[in-house]
file my_file-v7.txt (compact mmCIF, C-alpha atoms)
# COMPACT_ATOMS: atom_id res chain seq x y z
CA MET A 1 -4.28 10.80 -12.58
CA ALA A 2 -6.39 10.63 -15.70
CA ILE A 3 -3.63 12.36 -17.66
CA PHE A 4 -1.24 9.54 -16.77
CA PRO A 5 -2.77 6.31 -18.08
CA SER A 6 -0.73 3.37 -16.88
CA PRO A 7 -2.55 0.03 -16.81
CA MET A 8 -1.52 -2.71 -14.41
CA MET A 9 0.68 -5.31 -16.08
CA TYR A 10 0.57 -7.99 -13.34
CA ALA A 11 4.13 -7.41 -12.16
CA GLY A 12 3.31 -7.70 -8.46
CA PRO A 13 5.10 -5.67 -5.75
CA THR A 14 7.66 -4.21 -8.17
CA GLU A 15 4.86 -2.67 -10.19
CA VAL A 16 3.13 -1.26 -7.10
CA GLN A 17 6.36 0.57 -6.28
CA TRP A 18 6.80 1.75 -9.88
CA HIS A 19 3.29 3.27 -9.98
CA ALA A 20 3.90 5.08 -6.68
CA LYS A 21 7.38 6.36 -7.63
CA ALA A 22 6.13 7.55 -11.03
CA ARG A 23 3.47 9.61 -9.29
CA VAL A 24 6.03 11.08 -6.86
CA ALA A 25 8.03 12.18 -9.89
CA ALA A 26 4.87 13.88 -11.19
CA GLY A 27 4.45 15.76 -7.89
CA ALA A 28 2.03 13.55 -5.95
CA THR A 29 2.26 13.71 -2.16
CA PHE A 30 -0.20 10.91 -1.38
CA TYR A 31 -1.07 7.62 -3.03
CA ILE A 32 -4.24 5.58 -2.59
CA VAL A 33 -3.31 1.92 -2.50
CA GLY A 34 -5.87 -0.57 -3.70
CA ARG A 35 -6.01 -4.18 -2.66
CA ASP A 36 -3.45 -6.75 -3.83
CA PRO A 37 -0.95 -6.04 -6.63
CA ALA A 38 -3.18 -6.56 -9.69
CA GLY A 39 -4.95 -9.66 -8.36
CA MET A 40 -2.30 -11.99 -9.75
CA PRO A 41 -3.40 -15.65 -9.36
CA HIS A 42 -1.18 -18.63 -8.61
CA PRO A 43 -1.00 -20.82 -11.75
CA ASP A 44 -2.00 -24.01 -9.91
CA THR A 45 -4.33 -22.97 -7.08
CA LYS A 46 -5.82 -19.91 -8.88
CA LYS A 47 -5.82 -18.08 -5.53
CA ASP A 48 -4.34 -14.59 -5.30
CA LEU A 49 -0.59 -14.64 -4.70
CA TYR A 50 -0.79 -11.61 -2.42
CA ASN A 51 -3.03 -10.82 0.52
CA PRO A 52 -5.42 -7.85 0.25
CA THR A 53 -3.11 -5.48 2.16
CA HIS A 54 0.12 -6.47 0.40
CA GLY A 55 0.35 -3.37 -1.83
CA SER A 56 0.13 -1.04 1.15
CA LYS A 57 2.70 -3.03 3.16
CA VAL A 58 5.19 -3.07 0.28
CA LEU A 59 4.95 0.71 -0.16
CA GLN A 60 5.40 1.39 3.55
CA MET A 61 8.73 -0.48 3.38
CA ALA A 62 9.87 0.85 -0.02
CA PRO A 63 12.97 3.03 -0.04
CA GLY A 64 12.56 6.46 -1.62
CA LEU A 65 8.90 6.83 -0.76
CA THR A 66 9.17 8.46 2.66
CA GLN A 67 7.72 11.75 1.36
CA LEU A 68 4.64 9.94 0.01
CA GLU A 69 1.64 9.52 2.29
CA ILE A 70 0.28 6.00 1.72
CA VAL A 71 -3.51 5.96 2.00
CA PRO A 72 -4.73 2.37 2.28
CA PHE A 73 -7.96 1.49 0.51
CA LYS A 74 -10.36 -0.34 2.80
CA VAL A 75 -11.09 -3.65 1.07
CA ALA A 76 -14.68 -4.64 0.41
CA ALA A 77 -15.74 -8.09 -0.75
CA TYR A 78 -18.92 -10.09 -1.12
CA ASN A 79 -19.87 -11.55 2.26
CA THR A 80 -21.49 -14.91 1.50
CA ARG A 81 -22.92 -15.23 5.03
CA LEU A 82 -24.58 -11.80 4.94
CA GLY A 83 -25.44 -11.92 1.24
CA ARG A 84 -24.05 -8.44 0.54
CA MET A 85 -20.87 -6.44 0.10
CA ALA A 86 -19.02 -5.70 3.34
CA PHE A 87 -15.60 -4.53 4.48
CA PHE A 88 -13.25 -7.51 4.58
CA ASN A 89 -12.51 -8.95 7.99
CA PRO A 90 -9.51 -11.32 7.84
CA GLU A 91 -10.72 -13.11 10.98
CA GLU A 92 -13.79 -14.28 9.00
CA LYS A 93 -12.06 -14.78 5.63
CA GLU A 94 -14.04 -17.95 4.85
CA ASP A 95 -17.20 -15.77 4.66
CA TYR A 96 -15.86 -13.60 1.83
CA GLU A 97 -15.67 -14.00 -1.94
CA PHE A 98 -13.50 -11.58 -3.89
CA ILE A 99 -15.19 -10.91 -7.22
CA SER A 100 -12.51 -9.40 -9.43
CA GLY A 101 -13.18 -7.05 -12.30
CA THR A 102 -12.21 -9.88 -14.67
CA LYS A 103 -14.76 -12.22 -13.11
CA MET A 104 -17.42 -9.50 -13.08
CA ARG A 105 -16.88 -8.73 -16.79
CA HIS A 106 -17.06 -12.46 -17.60
CA LEU A 107 -20.38 -12.79 -15.76
CA ALA A 108 -21.75 -9.73 -17.58
CA ARG A 109 -20.56 -10.85 -21.04
CA THR A 110 -21.98 -14.35 -20.64
CA GLY A 111 -25.34 -13.24 -19.25
CA GLN A 112 -24.77 -14.70 -15.79
CA GLU A 113 -26.00 -13.00 -12.65
CA PRO A 114 -23.73 -12.02 -9.75
CA PRO A 115 -24.70 -13.14 -6.25
CA ASP A 116 -27.70 -11.31 -4.75
CA GLY A 117 -26.48 -8.23 -2.90
CA PHE A 118 -23.29 -7.85 -4.94
CA MET A 119 -24.54 -4.86 -6.93
CA ALA A 120 -27.78 -2.92 -7.35
CA PRO A 121 -29.85 -4.81 -9.96
CA LYS A 122 -30.31 -1.75 -12.20
CA ALA A 123 -26.56 -1.07 -12.14
CA TRP A 124 -25.86 -4.70 -13.02
CA GLN A 125 -28.30 -4.49 -15.93
CA VAL A 126 -26.48 -1.43 -17.35
CA LEU A 127 -23.08 -3.11 -16.93
CA SER A 128 -24.26 -6.42 -18.35
CA ASN A 129 -25.90 -4.77 -21.38
CA PHE A 130 -22.70 -2.86 -22.10
CA TYR A 131 -20.48 -5.97 -22.06
CA LYS A 132 -23.01 -7.98 -24.08
CA SER A 133 -23.02 -5.20 -26.69
CA LEU A 134 -19.22 -5.44 -26.96
CA ALA A 135 -19.51 -9.18 -27.59
CA ASP A 136 -22.26 -8.56 -30.18
CA ASP A 137 -20.08 -6.01 -31.99
CA LYS A 138 -17.33 -8.62 -32.45
CA GLN A 139 -19.71 -11.03 -34.23

call {"tool": "encode", "arguments": {"input": "my_file-v7.txt", "output": "structure tokens"}}
result
Amino acid sequence: MAIFPSPMMYAGPTEVQWHAKARVAAGATFYIVGRDPAGMPHPDTKKDLYNPTHGSKVLQMAPGLTQLEIVPFKVAAYNTRLGRMAFFNPEEKEDYEFISGTKMRHLARTGQEPPDGFMAPKAWQVLSNFYKSLADDKQ
């Protein structure tokens, strides 16, 4: 819904429901649910407060959304054992590292490299150059 810009504000499950209900009001009949609600970290442990399927579970239980088809997004993460991106398997959770957009942008801005297999090297170079240019423009 490019005509309906609404950035995530880290409000957790309440916000997931708001985004879905707002789209129902605009005529949507299905909603693609990403991973956790905005990747909100615990202030002490820094681990995500919600599991990767939390957004989808919340919407399936939400009142007033029965006419909305919830389409879960299959979660991919960096598999440290395989050295590449793979669909997340909760039974092997210790093998996965979730590299958030925030972490990815930080790596790019600071000239660090992501783990091998995280992204095609040419794509990483384009992304990294873009974020470095933003940092250069601020100086």

call {"tool": "residues_around", "arguments": {"input": "my_file-v7.txt", "residues": "Ala76 of chain A", "least_positions_apart": "3", "cutoff": "8 Å", "atoms": "only C-alpha atoms", "output": "ChimeraX atom specification"}}
result
/A:85-88

call {"tool": "atom_distance", "arguments": {"input": "my_file-v7.txt", "atom1": "atom CA of Gln67 of chain A", "atom2": "atom CA of Gly12 of chain A"}}
result
22.2 Å

call {"tool": "residues_around", "arguments": {"input": "my_file-v7.txt", "residues": "segment 56-60 of chain A", "least_positions_apart": "5", "cutoff": "12 Å", "atoms": "only C-alpha atoms", "output": "NGL selection string"}}
result
:A and (12-21 or 30-37 or 50-51 or 65-75)

call {"tool": "atom_distance", "arguments": {"input": "my_file-v7.txt", "atom1": "atom CA of Pro121 of chain A", "atom2": "atom CA of Asp136 of chain A"}}
result
21.9 Å

call {"tool": "atom_distance", "arguments": {"input": "my_file-v7.txt", "atom1": "atom CA of Lys132 of chain A", "atom2": "atom CA of Thr80 of chain A"}}
result
26.5 Å

call {"tool": "closest_residue", "arguments": {"input": "my_file-v7.txt", "among": "A:Ser133, A:Asn89, A:Gln125, A:Thr29", "to": "Gln112 of chain A", "atoms": "only C-alpha atoms"}}
result
A:Gln125

call {"tool": "residues_near_point", "arguments": {"input": "my_file-v7.txt", "point": "(-26.0, -11.0, -0.8)", "cutoff": "8 Å", "atoms": "all atoms listed in the file", "output": "short mmCIF file (atom, residue, chain, number, x, y, z; two decimals) with C-alpha atoms, keeping the file's coordinate frame"}}
result
data_model
loop_
_atom_site.label_atom_id
_atom_site.label_comp_id
_atom_site.auth_asym_id
_atom_site.auth_seq_id
_atom_site.Cartn_x
_atom_site.Cartn_y
_atom_site.Cartn_z
CA TYR A 78 -18.92 -10.09 -1.12
CA ASN A 79 -19.87 -11.55 2.26
CA THR A 80 -21.49 -14.91 1.50
CA ARG A 81 -22.92 -15.23 5.03
CA LEU A 82 -24.58 -11.80 4.94
CA GLY A 83 -25.44 -11.92 1.24
CA ARG A 84 -24.05 -8.44 0.54
CA MET A 85 -20.87 -6.44 0.10
CA PRO A 115 -24.70 -13.14 -6.25
CA ASP A 116 -27.70 -11.31 -4.75
CA GLY A 117 -26.48 -8.23 -2.90
CA PHE A 118 -23.29 -7.85 -4.94
#
